[in-house]
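**Student:** What follows is start.txt, compact mmCIF, N, CA and C atoms.
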# COMPACT_ATOMS: atom_id res chain seq x y z
N GLN A 217 15.06 -34.26 -23.98
CA GLN A 217 14.07 -33.19 -24.06
C GLN A 217 13.22 -33.17 -22.79
N VAL A 218 13.06 -31.99 -22.27
CA VAL A 218 12.24 -31.80 -21.07
C VAL A 218 11.17 -30.78 -21.40
N GLN A 219 9.96 -31.05 -20.93
CA GLN A 219 8.86 -30.12 -21.12
C GLN A 219 8.18 -29.84 -19.80
N LEU A 220 7.76 -28.59 -19.63
CA LEU A 220 6.91 -28.20 -18.52
C LEU A 220 5.58 -27.75 -19.11
N VAL A 221 4.51 -28.31 -18.60
CA VAL A 221 3.19 -27.96 -19.14
C VAL A 221 2.30 -27.52 -17.98
N GLU A 222 1.83 -26.26 -18.08
CA GLU A 222 0.91 -25.75 -17.07
C GLU A 222 -0.52 -26.00 -17.49
N SER A 223 -1.39 -26.13 -16.52
CA SER A 223 -2.82 -26.26 -16.79
C SER A 223 -3.59 -25.77 -15.57
N GLY A 224 -4.87 -25.56 -15.76
CA GLY A 224 -5.73 -25.20 -14.64
C GLY A 224 -6.17 -23.75 -14.60
N GLY A 225 -5.67 -22.94 -15.51
CA GLY A 225 -6.08 -21.55 -15.52
C GLY A 225 -7.50 -21.38 -16.02
N GLY A 226 -7.98 -20.14 -15.93
CA GLY A 226 -9.33 -19.87 -16.40
C GLY A 226 -9.86 -18.57 -15.85
N LEU A 227 -11.15 -18.38 -16.03
CA LEU A 227 -11.85 -17.20 -15.54
C LEU A 227 -12.56 -17.56 -14.24
N VAL A 228 -12.35 -16.74 -13.24
CA VAL A 228 -12.96 -17.00 -11.93
C VAL A 228 -13.39 -15.67 -11.32
N GLN A 229 -14.44 -15.71 -10.53
CA GLN A 229 -14.91 -14.50 -9.87
C GLN A 229 -14.03 -14.18 -8.67
N PRO A 230 -13.98 -12.93 -8.29
CA PRO A 230 -13.24 -12.56 -7.07
C PRO A 230 -13.72 -13.39 -5.88
N GLY A 231 -12.75 -13.85 -5.09
CA GLY A 231 -13.07 -14.72 -3.98
C GLY A 231 -13.04 -16.19 -4.31
N GLY A 232 -12.95 -16.51 -5.59
CA GLY A 232 -12.94 -17.90 -6.02
C GLY A 232 -11.58 -18.55 -5.91
N SER A 233 -11.52 -19.80 -6.36
CA SER A 233 -10.29 -20.58 -6.26
C SER A 233 -9.96 -21.25 -7.59
N LEU A 234 -8.68 -21.49 -7.79
CA LEU A 234 -8.20 -22.28 -8.91
C LEU A 234 -6.99 -23.08 -8.43
N ARG A 235 -6.76 -24.21 -9.07
CA ARG A 235 -5.54 -24.96 -8.81
C ARG A 235 -4.80 -25.14 -10.13
N LEU A 236 -3.60 -24.61 -10.16
CA LEU A 236 -2.74 -24.75 -11.33
C LEU A 236 -1.83 -25.96 -11.15
N SER A 237 -1.55 -26.61 -12.27
CA SER A 237 -0.63 -27.74 -12.26
C SER A 237 0.53 -27.46 -13.21
N CYS A 238 1.69 -27.92 -12.83
CA CYS A 238 2.88 -27.84 -13.68
C CYS A 238 3.44 -29.26 -13.77
N ALA A 239 3.29 -29.87 -14.91
CA ALA A 239 3.73 -31.24 -15.09
C ALA A 239 5.00 -31.27 -15.94
N ALA A 240 6.01 -31.94 -15.42
CA ALA A 240 7.27 -32.07 -16.13
C ALA A 240 7.38 -33.44 -16.77
N SER A 241 7.86 -33.47 -18.00
CA SER A 241 8.04 -34.74 -18.69
C SER A 241 9.34 -34.71 -19.46
N GLY A 242 9.86 -35.89 -19.76
CA GLY A 242 11.09 -35.98 -20.52
C GLY A 242 12.14 -36.78 -19.79
N SER A 243 13.37 -36.56 -20.19
CA SER A 243 14.47 -37.35 -19.68
C SER A 243 15.16 -36.65 -18.52
N PHE A 244 14.78 -37.01 -17.33
CA PHE A 244 15.41 -36.50 -16.13
C PHE A 244 15.05 -37.42 -14.97
N LEU A 245 15.82 -37.30 -13.88
CA LEU A 245 15.58 -38.20 -12.76
C LEU A 245 14.40 -37.74 -11.92
N ARG A 246 14.44 -36.46 -11.50
CA ARG A 246 13.34 -35.95 -10.71
C ARG A 246 13.42 -34.44 -10.65
N LEU A 247 12.32 -33.84 -10.28
CA LEU A 247 12.29 -32.41 -10.07
C LEU A 247 12.97 -32.07 -8.74
N ASN A 248 13.80 -31.09 -8.75
CA ASN A 248 14.44 -30.64 -7.51
C ASN A 248 13.81 -29.37 -6.97
N ALA A 249 13.52 -28.46 -7.87
CA ALA A 249 12.93 -27.19 -7.43
C ALA A 249 12.12 -26.61 -8.57
N VAL A 250 10.98 -26.05 -8.23
CA VAL A 250 10.09 -25.44 -9.22
C VAL A 250 9.58 -24.12 -8.67
N GLY A 251 9.50 -23.15 -9.54
CA GLY A 251 8.93 -21.87 -9.17
C GLY A 251 7.72 -21.55 -10.01
N TRP A 252 6.73 -20.94 -9.39
CA TRP A 252 5.58 -20.39 -10.12
C TRP A 252 5.78 -18.89 -10.22
N TYR A 253 5.66 -18.37 -11.42
CA TYR A 253 5.79 -16.94 -11.69
C TYR A 253 4.49 -16.46 -12.34
N ARG A 254 4.31 -15.16 -12.34
CA ARG A 254 3.19 -14.59 -13.07
C ARG A 254 3.61 -13.27 -13.70
N GLN A 255 2.93 -12.98 -14.79
CA GLN A 255 3.18 -11.72 -15.49
C GLN A 255 1.86 -11.12 -15.91
N ALA A 256 1.58 -9.96 -15.36
CA ALA A 256 0.39 -9.22 -15.72
C ALA A 256 0.72 -8.27 -16.86
N PRO A 257 -0.26 -7.85 -17.64
CA PRO A 257 -0.01 -6.94 -18.76
C PRO A 257 0.71 -5.68 -18.30
N GLY A 258 1.79 -5.36 -18.97
CA GLY A 258 2.54 -4.16 -18.67
C GLY A 258 3.42 -4.25 -17.43
N LYS A 259 3.50 -5.41 -16.84
CA LYS A 259 4.32 -5.58 -15.63
C LYS A 259 5.40 -6.62 -15.84
N GLN A 260 6.40 -6.59 -14.96
CA GLN A 260 7.46 -7.57 -15.04
C GLN A 260 6.99 -8.90 -14.46
N ARG A 261 7.64 -9.95 -14.92
CA ARG A 261 7.34 -11.28 -14.38
C ARG A 261 7.82 -11.32 -12.93
N GLU A 262 7.01 -11.87 -12.06
CA GLU A 262 7.36 -11.92 -10.65
C GLU A 262 7.20 -13.35 -10.11
N LEU A 263 8.04 -13.67 -9.15
CA LEU A 263 7.96 -14.97 -8.50
C LEU A 263 6.79 -14.98 -7.51
N VAL A 264 5.95 -15.98 -7.64
CA VAL A 264 4.80 -16.11 -6.77
C VAL A 264 5.07 -17.12 -5.65
N ALA A 265 5.64 -18.25 -6.00
CA ALA A 265 5.87 -19.29 -5.00
C ALA A 265 6.95 -20.24 -5.49
N GLY A 266 7.63 -20.88 -4.54
CA GLY A 266 8.68 -21.83 -4.87
C GLY A 266 8.55 -23.10 -4.06
N TRP A 267 8.97 -24.19 -4.66
CA TRP A 267 8.90 -25.52 -4.02
C TRP A 267 10.18 -26.26 -4.29
N SER A 268 10.64 -27.04 -3.30
CA SER A 268 11.77 -27.92 -3.55
C SER A 268 11.41 -29.33 -3.10
N SER A 269 12.09 -30.30 -3.66
CA SER A 269 11.80 -31.69 -3.35
C SER A 269 12.12 -32.04 -1.90
N SER A 270 12.88 -31.18 -1.23
CA SER A 270 13.19 -31.40 0.19
C SER A 270 11.98 -31.09 1.06
N GLY A 271 10.99 -30.44 0.46
CA GLY A 271 9.79 -30.10 1.20
C GLY A 271 9.66 -28.63 1.55
N SER A 272 10.69 -27.87 1.29
CA SER A 272 10.61 -26.46 1.63
C SER A 272 9.80 -25.70 0.59
N THR A 273 9.04 -24.73 1.05
CA THR A 273 8.21 -23.91 0.16
C THR A 273 8.31 -22.45 0.61
N ASN A 274 7.99 -21.57 -0.31
CA ASN A 274 7.88 -20.16 0.04
C ASN A 274 6.90 -19.51 -0.90
N VAL A 275 6.23 -18.49 -0.42
CA VAL A 275 5.29 -17.74 -1.24
C VAL A 275 5.55 -16.25 -1.07
N ALA A 276 5.21 -15.50 -2.09
CA ALA A 276 5.39 -14.05 -2.04
C ALA A 276 4.44 -13.43 -1.02
N ASP A 277 4.85 -12.32 -0.47
CA ASP A 277 4.03 -11.65 0.53
C ASP A 277 2.65 -11.29 -0.02
N SER A 278 2.60 -10.98 -1.31
CA SER A 278 1.35 -10.53 -1.91
C SER A 278 0.29 -11.65 -1.96
N VAL A 279 0.71 -12.89 -1.85
CA VAL A 279 -0.23 -14.00 -1.93
C VAL A 279 -0.21 -14.86 -0.68
N LYS A 280 0.58 -14.48 0.30
CA LYS A 280 0.70 -15.28 1.52
C LYS A 280 -0.67 -15.39 2.20
N GLY A 281 -0.98 -16.61 2.63
CA GLY A 281 -2.27 -16.85 3.26
C GLY A 281 -3.37 -17.18 2.28
N ARG A 282 -3.11 -16.98 0.98
CA ARG A 282 -4.12 -17.29 -0.04
C ARG A 282 -3.65 -18.38 -0.99
N PHE A 283 -2.36 -18.39 -1.31
CA PHE A 283 -1.80 -19.36 -2.26
C PHE A 283 -0.95 -20.38 -1.51
N THR A 284 -1.00 -21.61 -1.99
CA THR A 284 -0.18 -22.68 -1.43
C THR A 284 0.45 -23.46 -2.56
N ILE A 285 1.73 -23.76 -2.42
CA ILE A 285 2.43 -24.56 -3.41
C ILE A 285 2.74 -25.92 -2.84
N SER A 286 2.59 -26.93 -3.66
CA SER A 286 2.89 -28.30 -3.22
C SER A 286 3.38 -29.10 -4.41
N GLY A 287 4.01 -30.23 -4.11
CA GLY A 287 4.56 -31.04 -5.19
C GLY A 287 4.29 -32.51 -4.99
N ASP A 288 4.25 -33.23 -6.10
CA ASP A 288 4.07 -34.67 -6.11
C ASP A 288 5.26 -35.26 -6.86
N ASN A 289 6.24 -35.75 -6.12
CA ASN A 289 7.44 -36.27 -6.77
C ASN A 289 7.15 -37.45 -7.68
N ALA A 290 6.20 -38.28 -7.31
CA ALA A 290 5.89 -39.46 -8.11
C ALA A 290 5.33 -39.08 -9.48
N ARG A 291 4.62 -37.97 -9.51
CA ARG A 291 4.02 -37.51 -10.77
C ARG A 291 4.81 -36.40 -11.45
N ASN A 292 5.93 -36.01 -10.83
CA ASN A 292 6.73 -34.88 -11.37
C ASN A 292 5.83 -33.68 -11.66
N THR A 293 4.98 -33.38 -10.71
CA THR A 293 4.02 -32.29 -10.88
C THR A 293 4.03 -31.40 -9.64
N VAL A 294 3.95 -30.12 -9.88
CA VAL A 294 3.89 -29.14 -8.80
C VAL A 294 2.60 -28.35 -8.98
N TYR A 295 1.93 -28.09 -7.87
CA TYR A 295 0.63 -27.45 -7.89
C TYR A 295 0.70 -26.07 -7.22
N LEU A 296 -0.17 -25.19 -7.68
CA LEU A 296 -0.35 -23.90 -7.03
C LEU A 296 -1.84 -23.77 -6.74
N GLN A 297 -2.18 -23.91 -5.47
CA GLN A 297 -3.56 -23.73 -5.05
C GLN A 297 -3.78 -22.27 -4.74
N MET A 298 -4.74 -21.67 -5.43
CA MET A 298 -4.98 -20.23 -5.28
C MET A 298 -6.39 -20.04 -4.76
N ASN A 299 -6.49 -19.49 -3.56
CA ASN A 299 -7.78 -19.23 -2.93
C ASN A 299 -7.99 -17.74 -2.76
N ARG A 300 -9.21 -17.37 -2.52
CA ARG A 300 -9.59 -15.96 -2.29
C ARG A 300 -8.94 -15.07 -3.36
N LEU A 301 -9.14 -15.44 -4.59
CA LEU A 301 -8.51 -14.70 -5.69
C LEU A 301 -9.04 -13.29 -5.80
N LYS A 302 -8.14 -12.40 -6.22
CA LYS A 302 -8.45 -10.98 -6.37
C LYS A 302 -8.23 -10.57 -7.82
N PRO A 303 -8.86 -9.49 -8.26
CA PRO A 303 -8.62 -9.03 -9.63
C PRO A 303 -7.14 -8.79 -9.92
N GLU A 304 -6.40 -8.36 -8.93
CA GLU A 304 -4.97 -8.10 -9.15
C GLU A 304 -4.14 -9.38 -9.31
N ASP A 305 -4.76 -10.54 -9.11
CA ASP A 305 -4.07 -11.80 -9.38
C ASP A 305 -4.14 -12.18 -10.87
N THR A 306 -4.88 -11.41 -11.64
CA THR A 306 -4.99 -11.67 -13.07
C THR A 306 -3.63 -11.56 -13.75
N ALA A 307 -3.24 -12.62 -14.44
CA ALA A 307 -1.93 -12.67 -15.07
C ALA A 307 -1.80 -13.99 -15.83
N VAL A 308 -0.74 -14.08 -16.60
CA VAL A 308 -0.33 -15.38 -17.14
C VAL A 308 0.62 -16.00 -16.12
N TYR A 309 0.33 -17.22 -15.74
CA TYR A 309 1.13 -17.91 -14.74
C TYR A 309 2.03 -18.93 -15.43
N TYR A 310 3.29 -18.89 -15.06
CA TYR A 310 4.30 -19.77 -15.65
C TYR A 310 4.99 -20.60 -14.57
N CYS A 311 5.36 -21.81 -14.91
CA CYS A 311 6.24 -22.53 -14.01
C CYS A 311 7.64 -22.61 -14.63
N ASN A 312 8.59 -22.73 -13.74
CA ASN A 312 10.01 -22.71 -14.12
C ASN A 312 10.75 -23.75 -13.32
N ALA A 313 11.67 -24.43 -13.97
CA ALA A 313 12.48 -25.42 -13.25
C ALA A 313 13.86 -25.52 -13.89
N MET A 314 14.82 -25.77 -13.04
CA MET A 314 16.17 -26.06 -13.51
C MET A 314 16.31 -27.57 -13.52
N ILE A 315 16.46 -28.13 -14.71
CA ILE A 315 16.54 -29.59 -14.85
C ILE A 315 17.74 -29.91 -15.72
N ASN A 316 18.58 -30.82 -15.23
CA ASN A 316 19.77 -31.21 -16.00
C ASN A 316 20.60 -29.99 -16.39
N ALA A 317 20.72 -29.05 -15.47
CA ALA A 317 21.53 -27.84 -15.64
C ALA A 317 20.97 -26.89 -16.70
N ASN A 318 19.74 -27.14 -17.13
CA ASN A 318 19.09 -26.22 -18.07
C ASN A 318 17.86 -25.61 -17.42
N ASN A 319 17.57 -24.38 -17.83
CA ASN A 319 16.44 -23.65 -17.28
C ASN A 319 15.24 -23.80 -18.21
N TYR A 320 14.14 -24.28 -17.67
CA TYR A 320 12.96 -24.52 -18.49
C TYR A 320 11.78 -23.69 -18.01
N TRP A 321 10.98 -23.24 -18.97
CA TRP A 321 9.74 -22.53 -18.71
C TRP A 321 8.60 -23.26 -19.40
N GLY A 322 7.45 -23.23 -18.76
CA GLY A 322 6.26 -23.71 -19.43
C GLY A 322 5.71 -22.63 -20.35
N GLN A 323 4.64 -22.95 -21.04
CA GLN A 323 4.05 -22.02 -22.01
C GLN A 323 3.14 -21.01 -21.35
N GLY A 324 2.79 -21.24 -20.10
CA GLY A 324 1.94 -20.31 -19.37
C GLY A 324 0.47 -20.68 -19.42
N THR A 325 -0.25 -20.27 -18.39
CA THR A 325 -1.70 -20.47 -18.35
C THR A 325 -2.34 -19.19 -17.83
N GLN A 326 -3.36 -18.75 -18.51
CA GLN A 326 -4.00 -17.47 -18.18
C GLN A 326 -4.95 -17.64 -16.99
N VAL A 327 -4.81 -16.75 -16.04
CA VAL A 327 -5.75 -16.65 -14.92
C VAL A 327 -6.38 -15.27 -14.97
N THR A 328 -7.69 -15.24 -15.03
CA THR A 328 -8.42 -13.98 -15.06
C THR A 328 -9.42 -13.97 -13.92
N VAL A 329 -9.30 -12.96 -13.07
CA VAL A 329 -10.20 -12.83 -11.93
C VAL A 329 -11.08 -11.60 -12.18
N SER A 330 -12.34 -11.86 -12.42
CA SER A 330 -13.24 -10.78 -12.80
C SER A 330 -14.67 -11.19 -12.53
N SER A 331 -15.47 -10.19 -12.19
CA SER A 331 -16.89 -10.46 -12.00
C SER A 331 -17.65 -10.18 -13.29
Write the structure described by the file as structure tokens, please.

**Tutor:**
Amino acid sequence: QVQLVESGGGLVQPGGSLRLSCAASGSFLRLNAVGWYRQAPGKQRELVAGWSSSGSTNVADSVKGRFTISGDNARNTVYLQMNRLKPEDTAVYYCNAMINANNYWGQGTQVTVSS
């Protein structure tokens, strides 16, 4: 059994910051690649950022320069640092990973950017 658990969401004012965590637990050797996605009401789920254990990362153009993804192999945790948040960043944020040839999603964490 493998679980992905997101945390760190909440309500923040425009211009503020949050750091999301995606912690993987269960029976596996290590995380190889993790993606952070988000889904706003009435919109499709979109990829926000990706990380691999090789060190490569990528972020969507819509968040480039504001969001950073990083990983801690020892803790099997991947982080999404979100700075200069905007109201349009409001969404449920999910992490996703392919582990042991299975695709896993976390339960999601709500991020609300509002004054």

**Student:** Could you check which residues have any atom within 8 Å of (9.1, -34.7, -1.7), counting only C-alpha atoms with coordinates taken straight from the file, and then list them as a ChimeraX atom specification?

**Tutor:** /A:268-271,287-289

**Student:** Write a file of the just-selected residues containing N, CA and C atoms, as an mmCIF file, in the coordinates of the input.

**Tutor:**
data_model
loop_
_atom_site.group_PDB
_atom_site.id
_atom_site.type_symbol
_atom_site.label_atom_id
_atom_site.label_comp_id
_atom_site.auth_asym_id
_atom_site.auth_seq_id
_atom_site.Cartn_x
_atom_site.Cartn_y
_atom_site.Cartn_z
ATOM 1 N N SER A 268 10.640 -27.040 -3.300
ATOM 2 C CA SER A 268 11.770 -27.920 -3.550
ATOM 3 C C SER A 268 11.410 -29.330 -3.100
ATOM 4 N N SER A 269 12.090 -30.300 -3.660
ATOM 5 C CA SER A 269 11.800 -31.690 -3.350
ATOM 6 C C SER A 269 12.120 -32.040 -1.900
ATOM 7 N N SER A 270 12.880 -31.180 -1.230
ATOM 8 C CA SER A 270 13.190 -31.400 0.190
ATOM 9 C C SER A 270 11.980 -31.090 1.060
ATOM 10 N N GLY A 271 10.990 -30.440 0.460
ATOM 11 C CA GLY A 271 9.790 -30.100 1.200
ATOM 12 C C GLY A 271 9.660 -28.630 1.550
ATOM 13 N N GLY A 287 4.010 -30.230 -4.110
ATOM 14 C CA GLY A 287 4.560 -31.040 -5.190
ATOM 15 C C GLY A 287 4.290 -32.510 -4.990
ATOM 16 N N ASP A 288 4.250 -33.230 -6.100
ATOM 17 C CA ASP A 288 4.070 -34.670 -6.110
ATOM 18 C C ASP A 288 5.260 -35.260 -6.860
ATOM 19 N N ASN A 289 6.240 -35.750 -6.120
ATOM 20 C CA ASN A 289 7.440 -36.270 -6.770
ATOM 21 C C ASN A 289 7.150 -37.450 -7.680
#

**Student:** Please, which residues in segment 245-296 of chain A fall within 6 Å of segment 302-321 of chain A when counting only C-alpha atoms, and what is the closest atom pair and distance in Å to one decimal for each, ordered by chain then residue number, as a tab-separated table?

**Tutor:**
residue	atom	partner	partner_atom	distance
A:Val250	CA	A:Ala313	CA	4.7
A:Gly251	CA	A:Asn312	CA	5.1
A:Trp252	CA	A:Cys311	CA	4.5
A:Tyr253	CA	A:Tyr310	CA	5.1
A:Arg254	CA	A:Tyr309	CA	4.2
A:Gln255	CA	A:Ala307	CA	5.2
A:Ala256	CA	A:Ala307	CA	4.2

**Student:** Could you work out how far atom CA of Arg300 of chain A lies from atom CA of Thr328 of chain A, giving the answer in Å with one decimal?

**Tutor:**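 It comes out at 13.0 Å.
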
**Student:** For atom C of Ser233 of chain A and atom C of Gln297 of chain A, determine how far apart the two atoms are, in Å to one decimal place.

**Tutor:**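 Going from atom C of Ser233 of chain A over to atom C of Gln297 of chain A covers 6.9 Å.
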
**Student:** When you count all atoms listed in the file, which of these residues is closest to Thr284 of chain A: A:Ala265, A:Val221, A:Leu301, A:Leu227?

**Tutor:**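 Looking at the shortest contact to Thr284 of chain A, the residue is A:Ala265.
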
**Student:** Restricting the calculation to only C-alpha atoms, which member of A:Leu247, A:Ser286, A:Gly324, A:Val329 is positioned closest to Arg261 of chain A?

**Tutor:** A:Gly324

**Student:** Record the distance separating atom N of Ala249 of chain A and atom CA of Trp267 of chain A, expressed in Å with one decimal.

**Tutor:**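 Between atom N of Ala249 of chain A and atom CA of Trp267 of chain A the gap works out to 6.7 Å.
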
**Student:** With distances taken over all atoms listed in the file, which of A:Met298, A:Leu245, A:Thr273, A:Lys259 is nearest to Gly231 of chain A?

**Tutor:**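 Smallest distance to Gly231 of chain A is found for A:Met298.
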
**Student:** So, with all atoms listed in the file as the atoms that count, which of A:Ser272, A:Ser243, A:Gln260, A:Gln229 lies closest to Ile285 of chain A?

**Tutor:**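 Smallest distance to Ile285 of chain A is found for A:Ser272.
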
**Student:** Can you pull out the residues contacting segment 277-279 of chain A? Cut-off 8 Å, using all atoms listed in the file, and skip same-chain residues under 4 positions away; I want them as a PyMOL selection string.

**Tutor:** chain A and resi 263-264+283-284

**Student:** Using all atoms listed in the file, which of A:Asn299, A:Asn248, A:Ser223, A:Gly266 sits nearest Arg282 of chain A?

**Tutor:**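 Going through A:Asn299, A:Asn248, A:Ser223, A:Gly266 one by one, the smallest distance to Arg282 of chain A is for A:Asn299.
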
**Student:** Using all atoms listed in the file, which of the listed residues (A:Ser241, A:Tyr295, A:Gly232, A:Arg246) sits closest to Val218 of chain A?

**Tutor:**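 The answer is A:Ser241, which sits nearest to Val218 of chain A.
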